Amino acid sequence: MRGPPGWAPDKDLPPSTEPSTLCAMLDIRLIREQPDFVKSRVASRGGSDAAKIDQVLQVDTERRKAETALQQLNADRKRLSKEIGGKRSRGEATEDLEAQVRQMGDQISALTVETASLDEQQRDLLLQIPNTPHEAVPIGQDATGNRLVRSWGEKPTLPGPVHDHIALGESLKLFDLERAAKLSGSGFIAFTGMGARLERALINFMLDLHTREHGYLEISPPFLVRRDCMFGTTQLPKFEEDMYGLEENTMFLAPTAEVPVTNFHREEIMVLDELPKKFAAYTPCFRREAGSAGRETRGIIRVHQFDKVELVKVTAAETSYQEWEALTVNAERVLQLLNLHYRVVELCTGDLGFGSARTYDIEVWSPGQNGYLEVSSCSHFEDFQARRMNLRYKDASGKNRFVHTINGSGLALPRVFAALIESYQRPDGSVAIPEKLQPYFGATEIR
RNA sequence: GGUGAGGUGGCUGAGUGGUCGAAAGCAGCGCUUUGCUAAAGCGCCGUACCCCAAAAGGGUACCGAGGGUUCGAAUCCCUCCCUCACCGCCA
């Protein structure tokens, strides 16, 4: 469970850390020049990935050797071919030269294959090496090493018996899990009546907050994205089983708006003036939740399809960390305006996602679960994703550099929904609507 | 879904087998001239990777992607992706 040292665990809740569906990698030059630094940072995550650093360096040496030899051969062939061109135009015989060059062709093909293979090996290894955690990240093996950053508000003191969101949802007919299962199997929600209205109100409330007050550009992206958006060309099938694929897996249902939105500018060179780009996007998110069957499948805490408002920033390297802090604060604002108690936790090295250099989790208090629910994971990827997307910007000196990417939910809907109705329940079985949400909901309570 | 036309550097746009990594123009950078602005002249100006201790310098690859033909491919052939136009279908 998430929590800083010394904190009594409230309950062991299922983690829902966002899978980074964008594969990414470290800069081979950084590894070459500062292998010990990279090794120690990667080792701080635990696991044995640091050993791959030596492997990748070994392959890198071989690769460069092969590449140099190949280039030399290509240079020779190029020179001789031009010579043939010259001779022919003068009507001279070229058979000997042609035979010679033809022979070089075989060597070149062989070396090309070798080089490509080494290149692929290096790439595969690089893709397996996680990002280097930022030096400020607390060292730890697992979630118990996480650090409490701040806490906001108080756990609500509820006058009557505490009902969880499932009970409240049933009695107030806010959603119908049985009938949703009839349509799509377990793990799907059908919101009904006031529940559907509440879901819609929350989406609009969040989008308006981020676009009108926080300066994000609203974007409504495709929910279906192509394979190369997910993986690039020859990718690890690492997350494939977590996603719903279509048309023989050439298209995927986006597991988070992070995918279409972060990829929005991929393969572009941005100008400094237009950074940072700030996006807010509402999308449904589709996840197989493979491997999690059997645990915590009741209710709306972990489902195969859920709504989410996602915040994404594309920034220059110079300002990225302050943008990351600001994004987290923007996401927190949602809970503050809803007056829901939450805490912010920084993930320790052992708990950090593969691509992330630093992550803050925002966890809302759930009276029904008697625990905190992760509703946002605000991650800073530095240039890890950008390198893979080939998304760059021209810095002040005109040099091309990879951008930094940041994302976090603002927020994930069903868990906010659950925490809200649980926190605002009244002894008579009705649920109050937070004041700031009332204009969106169009009523002051649900009964 | 069908038919047709295309995809070339930050942009526009030449280039149908041999000094083409690619003309020209625009934009950008530097210098000169001009009292400022403007204009003009000259020069520089793609990306990635490799060699070199580094700099200087040299090299290879890249003209949507991948394969093929050839001594040699931006140029010819095949497959795929995408864009545009029209037709069909449709919320």
# chains A, B, ... in the order shown; residues from 1 in each chain; ligands from 1

$ residues_around --residues "Leu198 in chain A" --least-positions-apart "3" --cutoff "10 Å" --atoms "only C-alpha atoms (C1' of nucleotides)" --output "VMD selection string"
chain A and resid 174 191 to 195 201 to 204 417 421 433 437 to 438 440 to 442 446

$ interface_residues --of "chain B" --to "chain A" --cutoff "10 Å" --atoms "only C-alpha atoms (C1' of nucleotides)" --output "number ranges by chain"
B: 10, 18-19, 47, 49-51, 59-61, 70-72

$ residues_around --residues "G6 in chain B" --least-positions-apart "4" --cutoff "12 Å" --atoms "only C-alpha atoms (C1' of nucleotides)" --output "MDAnalysis selection string"
chainID B and resid 64 82:85

$ write_last_selection --atoms "N, CA and C atoms (P, O5', C5', C4', C3', O3' and C1' of nucleotides)" --output "PDB file, in the first residue's frame"
ATOM      1  P     G B  64       9.916  10.677 -50.039  1.00  0.00           P
ATOM      2  O5'   G B  64       9.284  10.169 -48.666  1.00  0.00           O
ATOM      3  C5'   G B  64       9.179  11.040 -47.544  1.00  0.00           C
ATOM      4  C4'   G B  64       8.433  10.334 -46.440  1.00  0.00           C
ATOM      5  C3'   G B  64       8.906   8.919 -46.164  1.00  0.00           C
ATOM      6  O3'   G B  64      10.003   8.892 -45.290  1.00  0.00           O
ATOM      7  C1'   G B  64       6.559   8.950 -46.392  1.00  0.00           C
ATOM      8  P     C B  82      -3.381   4.886 -42.960  1.00  0.00           P
ATOM      9  O5'   C B  82      -2.916   6.361 -43.347  1.00  0.00           O
ATOM     10  C5'   C B  82      -2.305   7.194 -42.368  1.00  0.00           C
ATOM     11  C4'   C B  82      -1.686   8.394 -43.030  1.00  0.00           C
ATOM     12  C3'   C B  82      -2.629   9.256 -43.861  1.00  0.00           C
ATOM     13  O3'   C B  82      -3.385  10.139 -43.059  1.00  0.00           O
ATOM     14  C1'   C B  82      -0.650   8.872 -45.080  1.00  0.00           C
ATOM     15  P     U B  83      -4.769  10.702 -43.606  1.00  0.00           P
ATOM     16  O5'   U B  83      -4.315  11.771 -44.687  1.00  0.00           O
ATOM     17  C5'   U B  83      -3.590  12.931 -44.311  1.00  0.00           C
ATOM     18  C4'   U B  83      -3.269  13.753 -45.531  1.00  0.00           C
ATOM     19  C3'   U B  83      -4.460  14.081 -46.414  1.00  0.00           C
ATOM     20  O3'   U B  83      -5.187  15.191 -45.924  1.00  0.00           O
ATOM     21  C1'   U B  83      -2.682  13.319 -47.759  1.00  0.00           C
ATOM     22  P     C B  84      -6.757  15.275 -46.225  1.00  0.00           P
ATOM     23  O5'   C B  84      -6.794  15.667 -47.765  1.00  0.00           O
ATOM     24  C5'   C B  84      -6.247  16.894 -48.220  1.00  0.00           C
ATOM     25  C4'   C B  84      -6.247  16.941 -49.719  1.00  0.00           C
ATOM     26  C3'   C B  84      -7.583  16.628 -50.385  1.00  0.00           C
ATOM     27  O3'   C B  84      -8.460  17.734 -50.370  1.00  0.00           O
ATOM     28  C1'   C B  84      -5.861  15.453 -51.485  1.00  0.00           C
ATOM     29  P     A B  85     -10.043  17.491 -50.377  1.00  0.00           P
ATOM     30  O5'   A B  85     -10.310  17.031 -51.883  1.00  0.00           O
ATOM     31  C5'   A B  85     -10.105  17.936 -52.957  1.00  0.00           C
ATOM     32  C4'   A B  85     -10.380  17.242 -54.266  1.00  0.00           C
ATOM     33  C3'   A B  85     -11.719  16.520 -54.355  1.00  0.00           C
ATOM     34  O3'   A B  85     -12.780  17.399 -54.658  1.00  0.00           O
ATOM     35  C1'   A B  85     -10.004  15.114 -55.168  1.00  0.00           C
TER      36        A B  85
END

$ residues_around --residues "Ala136 in chain A" --least-positions-apart "6" --cutoff "12 Å" --atoms "only C-alpha atoms (C1' of nucleotides)" --output "list in words"
Arg41, Ser44, Arg147, Tyr321, Glu346, Leu347, Cys348, Thr349, Ala357, Arg358 and Thr359 of chain A

$ write_last_selection --atoms "N, CA and C atoms" --output "short mmCIF file (atom, residue, chain, number, x, y, z; two decimals), in the first residue's frame"
data_model
loop_
_atom_site.label_atom_id
_atom_site.label_comp_id
_atom_site.auth_asym_id
_atom_site.auth_seq_id
_atom_site.Cartn_x
_atom_site.Cartn_y
_atom_site.Cartn_z
N ARG A 41 21.72 4.89 -10.21
CA ARG A 41 20.34 5.39 -10.18
C ARG A 41 19.36 4.26 -10.48
N SER A 44 18.91 1.85 -7.69
CA SER A 44 18.13 2.34 -6.55
C SER A 44 16.67 1.91 -6.62
N ARG A 147 6.90 8.66 0.50
CA ARG A 147 7.02 9.79 1.41
C ARG A 147 5.74 10.62 1.36
N TYR A 321 10.45 20.82 -14.08
CA TYR A 321 10.09 20.40 -12.72
C TYR A 321 9.09 21.34 -12.07
N GLU A 346 4.87 10.99 -2.45
CA GLU A 346 5.88 10.82 -3.49
C GLU A 346 6.33 9.37 -3.50
N LEU A 347 6.30 8.76 -4.68
CA LEU A 347 6.69 7.36 -4.79
C LEU A 347 8.21 7.24 -4.60
N CYS A 348 8.61 6.22 -3.88
CA CYS A 348 10.04 5.97 -3.68
C CYS A 348 10.60 5.23 -4.89
N THR A 349 11.90 5.09 -4.93
CA THR A 349 12.56 4.49 -6.10
C THR A 349 11.99 3.12 -6.44
N ALA A 357 10.63 9.57 -13.77
CA ALA A 357 11.78 10.01 -12.97
C ALA A 357 11.32 10.46 -11.59
N ARG A 358 10.09 10.95 -11.52
CA ARG A 358 9.49 11.34 -10.24
C ARG A 358 7.99 11.24 -10.37
N THR A 359 7.35 10.80 -9.32
CA THR A 359 5.89 10.69 -9.35
C THR A 359 5.28 11.09 -8.02
#

$ closest_residue --among "A:Val431, A:Tyr244, A:Lys182, A:Thr211" --to "Val225 in chain A" --atoms "only C-alpha atoms"
A:Tyr244

$ select_by_dssp --residues "range 311-342 of chain A" --states "helix (DSSP H, G or I)" --output "PyMOL selection string"
chain A and resi 317-337

$ atom_distance --atom1 "CA of Met389 in chain A" --atom2 "CA of Glu332 in chain A"
28.7 Å

$ residues_around --residues "G1 in chain B" --least-positions-apart "6" --cutoff "12 Å" --atoms "only C-alpha atoms (C1' of nucleotides)" --output "MDAnalysis selection string"
chainID B and resid 87:90

$ residues_around --residues "Pro161 in chain A" --least-positions-apart "2" --cutoff "12 Å" --atoms "only C-alpha atoms (C1' of nucleotides)" --output "count of residues only"
16

$ residues_around --residues "Gly187 in chain A" --least-positions-apart "4" --cutoff "9 Å" --atoms "only C-alpha atoms (C1' of nucleotides)" --output "list of chain:residue names"
A:Leu177, A:Ala180, A:Ala181, A:Thr297, A:Arg298, A:Gly299, A:Ile300, A:Arg302, A:Val303, A:His304, A:Gln305

$ closest_residue --among "A:Asn339, A:Gln385, A:Ser377, A:Ser430" --to "Glu154 in chain A" --atoms "only C-alpha atoms"
A:Asn339

$ decode --residues "range 294-320 of chain A" --atoms "N, CA and C atoms" --output "mmCIF file, in the first residue's frame"
data_model
loop_
_atom_site.group_PDB
_atom_site.id
_atom_site.type_symbol
_atom_site.label_atom_id
_atom_site.label_comp_id
_atom_site.auth_asym_id
_atom_site.auth_seq_id
_atom_site.Cartn_x
_atom_site.Cartn_y
_atom_site.Cartn_z
ATOM 1 N N GLY A 294 -10.145 -11.489 -9.692
ATOM 2 C CA GLY A 294 -10.272 -12.171 -8.413
ATOM 3 C C GLY A 294 -10.031 -11.290 -7.224
ATOM 4 N N ARG A 295 -9.349 -10.183 -7.402
ATOM 5 C CA ARG A 295 -9.159 -9.338 -6.228
ATOM 6 C C ARG A 295 -9.777 -7.971 -6.484
ATOM 7 N N GLU A 296 -10.460 -7.481 -5.507
ATOM 8 C CA GLU A 296 -11.071 -6.157 -5.556
ATOM 9 C C GLU A 296 -11.859 -5.926 -6.829
ATOM 10 N N THR A 297 -12.672 -6.894 -7.180
ATOM 11 C CA THR A 297 -13.413 -6.708 -8.418
ATOM 12 C C THR A 297 -14.807 -6.149 -8.178
ATOM 13 N N ARG A 298 -15.157 -6.013 -6.933
ATOM 14 C CA ARG A 298 -16.482 -5.459 -6.654
ATOM 15 C C ARG A 298 -16.469 -3.949 -6.800
ATOM 16 N N GLY A 299 -17.639 -3.403 -7.133
ATOM 17 C CA GLY A 299 -17.769 -1.955 -7.134
ATOM 18 C C GLY A 299 -17.135 -1.300 -8.340
ATOM 19 N N ILE A 300 -16.803 -0.043 -8.199
ATOM 20 C CA ILE A 300 -16.350 0.736 -9.354
ATOM 21 C C ILE A 300 -14.923 1.221 -9.180
ATOM 22 N N ILE A 301 -14.192 0.573 -8.243
ATOM 23 C CA ILE A 301 -12.826 1.008 -7.968
ATOM 24 C C ILE A 301 -11.854 0.551 -9.051
ATOM 25 N N ARG A 302 -12.097 -0.634 -9.572
ATOM 26 C CA ARG A 302 -11.216 -1.182 -10.605
ATOM 27 C C ARG A 302 -12.077 -1.797 -11.687
ATOM 28 N N VAL A 303 -12.124 -1.167 -12.822
ATOM 29 C CA VAL A 303 -13.022 -1.608 -13.886
ATOM 30 C C VAL A 303 -12.302 -1.589 -15.236
ATOM 31 N N HIS A 304 -12.928 -2.181 -16.228
ATOM 32 C CA HIS A 304 -12.309 -2.276 -17.551
ATOM 33 C C HIS A 304 -12.485 -1.022 -18.395
ATOM 34 N N GLN A 305 -13.500 -0.260 -18.054
ATOM 35 C CA GLN A 305 -13.719 0.996 -18.777
ATOM 36 C C GLN A 305 -14.080 2.068 -17.770
ATOM 37 N N PHE A 306 -13.339 3.151 -17.780
ATOM 38 C CA PHE A 306 -13.687 4.241 -16.872
ATOM 39 C C PHE A 306 -13.363 5.580 -17.508
ATOM 40 N N ASP A 307 -14.016 6.610 -16.999
ATOM 41 C CA ASP A 307 -13.799 7.956 -17.518
ATOM 42 C C ASP A 307 -12.666 8.624 -16.762
ATOM 43 N N LYS A 308 -11.972 9.499 -17.470
ATOM 44 C CA LYS A 308 -10.861 10.189 -16.820
ATOM 45 C C LYS A 308 -10.612 11.517 -17.527
ATOM 46 N N VAL A 309 -10.294 12.502 -16.746
ATOM 47 C CA VAL A 309 -9.794 13.757 -17.314
ATOM 48 C C VAL A 309 -8.293 13.741 -17.079
ATOM 49 N N GLU A 310 -7.552 13.850 -18.151
ATOM 50 C CA GLU A 310 -6.099 13.719 -18.056
ATOM 51 C C GLU A 310 -5.426 15.061 -18.339
ATOM 52 N N LEU A 311 -4.361 15.344 -17.596
ATOM 53 C CA LEU A 311 -3.578 16.548 -17.838
ATOM 54 C C LEU A 311 -2.217 16.132 -18.408
ATOM 55 N N VAL A 312 -1.811 16.782 -19.472
ATOM 56 C CA VAL A 312 -0.527 16.462 -20.104
ATOM 57 C C VAL A 312 0.213 17.764 -20.368
ATOM 58 N N LYS A 313 1.510 17.764 -20.080
ATOM 59 C CA LYS A 313 2.323 18.923 -20.414
ATOM 60 C C LYS A 313 3.523 18.505 -21.238
ATOM 61 N N VAL A 314 3.804 19.296 -22.247
ATOM 62 C CA VAL A 314 5.021 19.140 -23.031
ATOM 63 C C VAL A 314 5.840 20.392 -22.753
ATOM 64 N N THR A 315 7.016 20.220 -22.154
ATOM 65 C CA THR A 315 7.748 21.402 -21.694
ATOM 66 C C THR A 315 9.207 21.383 -22.121
ATOM 67 N N ALA A 316 9.828 22.556 -22.016
ATOM 68 C CA ALA A 316 11.272 22.649 -22.186
ATOM 69 C C ALA A 316 11.930 22.062 -20.939
ATOM 70 N N ALA A 317 13.130 21.575 -21.096
ATOM 71 C CA ALA A 317 13.826 20.921 -19.987
ATOM 72 C C ALA A 317 14.034 21.879 -18.815
ATOM 73 N N GLU A 318 14.262 23.143 -19.121
ATOM 74 C CA GLU A 318 14.629 24.108 -18.095
ATOM 75 C C GLU A 318 13.549 24.297 -17.032
ATOM 76 N N THR A 319 12.295 24.205 -17.461
ATOM 77 C CA THR A 319 11.216 24.543 -16.534
ATOM 78 C C THR A 319 10.365 23.340 -16.154
ATOM 79 N N SER A 320 10.795 22.152 -16.541
ATOM 80 C CA SER A 320 9.886 21.013 -16.446
ATOM 81 C C SER A 320 9.510 20.669 -15.009
#
